[in-house]
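Note sheet for the following structure.
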Amino acid sequence: MIEFVSSCDDPEKLRRIIEYARKREADALADAALRKLVSVLPSERPGTVEFDFWRTIHSFEHVLTEERGRTTQLSRTRQKVQRVGVVQTLIDWALDTKQTAGFLMLLERNMPELAGEAIILRHPDKFEQFDVSAARARLEAAGVDTAAVAAYR
């Protein structure tokens with residue numbers, strides 16, 4: 001089934017697999033399907049900071065929708081992106097003095113590679129060195145393997 005998930009590009013099929021796997025407590029399958037789902041949803045080109053950002057947003061929204069039992073969108077984040085752009089939104093996340101609920105949620109679900117700080121590490125050429133250092137420090141303070149999240153594709 002995981003082989004099927006890795007080759008599936010249909011968001012609805014992936015959502016059904018996630019739901020099926022969660023009901024049967026097949027966590028590895030649900031996680032694989034979620035990771036695949038959020039990699040097919042963004043319209044941006046894979047490998048870009050924008051693609052990584054929207055993959056993260058789709059992850060948050062999916063998890064919140066599961067938890068709340070109703071469709072949830074990160075409206076404020078989406079509005080902020082419209083105002084200041086993806087890069088500035090990521091900078092603001094990395095420079096926030098407190099760990100955000102989203103950051104903690106990703107860590108709890110063993111998905112640190114989707115944190116905004118990890119995106120910054122994967123695209124250091126798009127950010128000032130100060131921002132990269134702040135992102136690395138936050139991840140290291142949380143016990144995250146920064147080399148692994150920086151290498152995630």
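By order in the structure tokens, chains are A, B, ...; within a chain, residues start at 1; ligands start at 1, following the order shown.
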Next on the checklist: So that I can check the secondary structure, give me every residue of segment 24-150 of chain A assigned alpha helix (DSSP H) by backbone DSSP, as an MDAnalysis selection string.
Outcome noted: chainID A and resid 27:40 49:68 75:84 86:95 101:108 116:122 129:141 146:150
All residues 8 Å or closer to Glu117 of chain A, only C-alpha atoms, same chain fewer than 5 positions away omitted, as a CSV table (one decimal) with N, CA and C atoms, in the first residue's frame:
```
chain,number,residue,atom,x,y,z
A,90,LEU,N,8.1,33.5,6.7
A,90,LEU,CA,9.0,32.6,7.3
A,90,LEU,C,10.0,33.3,8.2
A,93,TRP,N,8.3,34.0,11.4
A,93,TRP,CA,8.2,32.8,12.2
A,93,TRP,C,9.5,32.5,13.0
A,94,ALA,N,10.6,32.5,12.2
A,94,ALA,CA,11.9,32.2,12.8
A,94,ALA,C,12.3,33.1,13.9
A,132,VAL,N,18.8,32.6,9.1
A,132,VAL,CA,19.2,31.2,9.0
A,132,VAL,C,19.7,30.8,10.4
A,135,ALA,N,16.8,30.3,12.8
A,135,ALA,CA,16.0,29.1,12.5
A,135,ALA,C,16.8,27.9,13.0
A,136,ARG,N,18.1,27.9,12.8
A,136,ARG,CA,18.9,26.7,13.2
A,136,ARG,C,18.9,26.6,14.7
A,138,ARG,N,16.5,27.7,16.9
A,138,ARG,CA,15.2,27.2,17.3
A,138,ARG,C,15.1,25.7,17.2
A,139,LEU,N,15.5,25.2,16.0
A,139,LEU,CA,15.4,23.7,15.8
A,139,LEU,C,16.4,22.9,16.7
```
Checklist entry - Contacts of Ala28 of chain A at 10 Å or less, counting only C-alpha atoms, minus same-chain residues fewer than 5 places along, as number ranges by chain? => result A: 2, 18, 21-22, 33-34
How would the residues just picked look written out with C-alpha atoms as an mmCIF file, in the first residue's frame?
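What ended up in out_21.cif:
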```cif
data_model
loop_
_atom_site.group_PDB
_atom_site.id
_atom_site.type_symbol
_atom_site.label_atom_id
_atom_site.label_comp_id
_atom_site.auth_asym_id
_atom_site.auth_seq_id
_atom_site.Cartn_x
_atom_site.Cartn_y
_atom_site.Cartn_z
ATOM 1 C CA ILE A 2 2.883 2.369 0.739
ATOM 2 C CA ILE A 18 -5.246 8.653 5.413
ATOM 3 C CA ALA A 21 -5.258 4.175 7.900
ATOM 4 C CA ARG A 22 -6.170 6.341 10.903
ATOM 5 C CA ALA A 33 -0.107 9.290 2.673
ATOM 6 C CA LEU A 34 -0.156 12.669 4.443
#
```
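Across the model, the gap from atom CA of Val87 of chain A to atom CA of Asp125 of chain A is 11.1 Å.
The spacing separating atom CA of Val40 of chain A from atom CA of Met1 of chain A amounts to 17.7 Å.
Among the candidates A:Val63, A:Val49, A:Leu41, A:Ala137, the residue lying nearest to Leu14 of chain A is A:Leu41 (atoms considered: only C-alpha atoms).
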Extract, using only C-alpha atoms, all DNA, RNA and protein residues at most 12 Å from Ile17 of chain A, discarding same-chain residues fewer than 4 positions from it, and format them as a compact mmCIF listing (two decimals) with C-alpha atoms, in the first residue's frame.
```
# COMPACT_ATOMS: atom_id res chain seq x y z
CA MET A 1 0.00 0.00 0.00
CA ILE A 2 2.88 2.37 0.74
CA PHE A 4 0.79 2.84 -4.14
CA VAL A 5 0.89 5.96 -1.97
CA SER A 6 4.34 6.91 -3.25
CA CYS A 8 -0.37 8.38 -6.23
CA ASP A 10 -4.73 12.06 -6.59
CA PRO A 11 -5.44 14.18 -3.48
CA GLU A 12 -8.85 12.57 -2.87
CA LYS A 13 -7.45 9.04 -2.97
CA ALA A 21 -5.26 4.17 7.90
CA ARG A 22 -6.17 6.34 10.90
CA LYS A 23 -9.26 4.22 11.61
CA ARG A 24 -7.12 1.09 11.57
CA GLU A 25 -4.28 2.70 13.54
CA ALA A 26 -1.89 2.15 10.63
CA ASP A 27 0.18 5.20 11.53
CA ALA A 28 3.03 4.56 9.09
CA LEU A 29 0.61 4.36 6.17
CA ALA A 30 -1.31 7.46 7.32
CA ASP A 31 1.92 9.43 7.71
CA ALA A 32 3.20 8.34 4.29
CA ALA A 33 -0.11 9.29 2.67
CA LEU A 34 -0.16 12.67 4.44
CA ARG A 35 3.39 13.47 3.33
CA LYS A 36 2.50 12.51 -0.23
CA LEU A 37 -0.75 14.50 -0.09
```
Neighbour list for segment 69-71 of chain A as a PDB file with N, CA, C and O atoms, in the first residue's frame, cut-off 12 Å, only C-alpha atoms, skip fewer than 6 positions in-chain:
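part_18.pdb was written with the following content:
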```pdb
ATOM      1  N   GLU A  19      -7.597   8.561   5.967  1.00  0.00           N
ATOM      2  CA  GLU A  19      -8.757   8.275   6.819  1.00  0.00           C
ATOM      3  C   GLU A  19      -8.829   6.780   7.148  1.00  0.00           C
ATOM      4  O   GLU A  19      -9.027   6.401   8.306  1.00  0.00           O
ATOM      5  N   HIS A  58      -0.419  23.260   4.023  1.00  0.00           N
ATOM      6  CA  HIS A  58      -1.373  22.166   3.779  1.00  0.00           C
ATOM      7  C   HIS A  58      -1.290  21.112   4.887  1.00  0.00           C
ATOM      8  O   HIS A  58      -2.310  20.549   5.284  1.00  0.00           O
ATOM      9  N   PHE A  60      -0.459  21.664   8.122  1.00  0.00           N
ATOM     10  CA  PHE A  60      -1.155  22.237   9.277  1.00  0.00           C
ATOM     11  C   PHE A  60      -2.660  22.133   9.102  1.00  0.00           C
ATOM     12  O   PHE A  60      -3.379  21.715  10.010  1.00  0.00           O
ATOM     13  N   GLU A  61      -3.123  22.551   7.949  1.00  0.00           N
ATOM     14  CA  GLU A  61      -4.563  22.575   7.725  1.00  0.00           C
ATOM     15  C   GLU A  61      -5.159  21.170   7.770  1.00  0.00           C
ATOM     16  O   GLU A  61      -6.250  20.975   8.324  1.00  0.00           O
ATOM     17  N   HIS A  62      -4.460  20.199   7.231  1.00  0.00           N
ATOM     18  CA  HIS A  62      -4.974  18.825   7.258  1.00  0.00           C
ATOM     19  C   HIS A  62      -5.060  18.307   8.694  1.00  0.00           C
ATOM     20  O   HIS A  62      -6.077  17.732   9.093  1.00  0.00           O
ATOM     21  N   VAL A  63      -3.996  18.518   9.445  1.00  0.00           N
ATOM     22  CA  VAL A  63      -3.976  18.026  10.829  1.00  0.00           C
ATOM     23  C   VAL A  63      -5.054  18.718  11.658  1.00  0.00           C
ATOM     24  O   VAL A  63      -5.774  18.065  12.431  1.00  0.00           O
TER      25      VAL A  63
END
```
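The coordinates place atom CA of Glu44 of chain A at 17.7 Å from atom CA of Gln79 of chain A.
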Next on the checklist: Residues within 8 Å of Arg55 of chain A, please, as an NGL selection string. Count only C-alpha atoms; anything in the same chain fewer than 4 positions from it doesn't count.
Outcome noted: :A and (38-39 or 41-42 or 51 or 59 or 114)
Would you mind exporting the chosen residues as a short mmCIF file (atom, residue, chain, number, x, y, z; two decimals), in the first residue's frame, restricted to N, CA and C atoms?
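And here is the file that came out, part-v2.cif:
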```
data_model
loop_
_atom_site.label_atom_id
_atom_site.label_comp_id
_atom_site.auth_asym_id
_atom_site.auth_seq_id
_atom_site.Cartn_x
_atom_site.Cartn_y
_atom_site.Cartn_z
N VAL A 38 0.53 16.31 0.90
CA VAL A 38 0.98 17.69 0.97
C VAL A 38 2.06 18.00 -0.06
N SER A 39 2.61 16.98 -0.69
CA SER A 39 3.57 17.24 -1.76
C SER A 39 2.90 17.37 -3.12
N LEU A 41 -0.31 18.86 -3.38
CA LEU A 41 -1.26 19.98 -3.32
C LEU A 41 -0.70 21.32 -3.80
N PRO A 42 0.54 21.67 -3.45
CA PRO A 42 1.02 23.00 -3.88
C PRO A 42 1.12 23.11 -5.40
N PHE A 51 7.08 26.30 -2.68
CA PHE A 51 6.56 24.94 -2.63
C PHE A 51 6.65 24.39 -1.21
N SER A 59 -0.10 20.87 5.41
CA SER A 59 0.05 19.91 6.52
C SER A 59 -0.69 20.40 7.76
N LEU A 114 8.88 19.94 8.13
CA LEU A 114 7.87 20.84 7.58
C LEU A 114 7.79 22.18 8.33
#
```
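Proximity to Ala151 of chain A at 12 Å, evaluated using only C-alpha atoms and with sequence-adjacent residues fewer than 2 positions away removed, yields Gly47, Pro112, Glu113, Leu114, Ala118, Ile119, Ile120, Leu121, Arg122, His123, Asp145, Thr146, Ala147, Ala148, Val149 and Arg153 of chain A.
Among the candidate residues A:Arg109, A:Asp92, A:Glu140, A:Trp54, the one lying nearest to Leu74 of chain A is A:Trp54, with distances computed using only C-alpha atoms.
Minimum distance to Leu64 of chain A across A:Gly102, A:Pro46, A:Gly116, A:Gly85 (counting only C-alpha atoms) occurs at A:Gly102.
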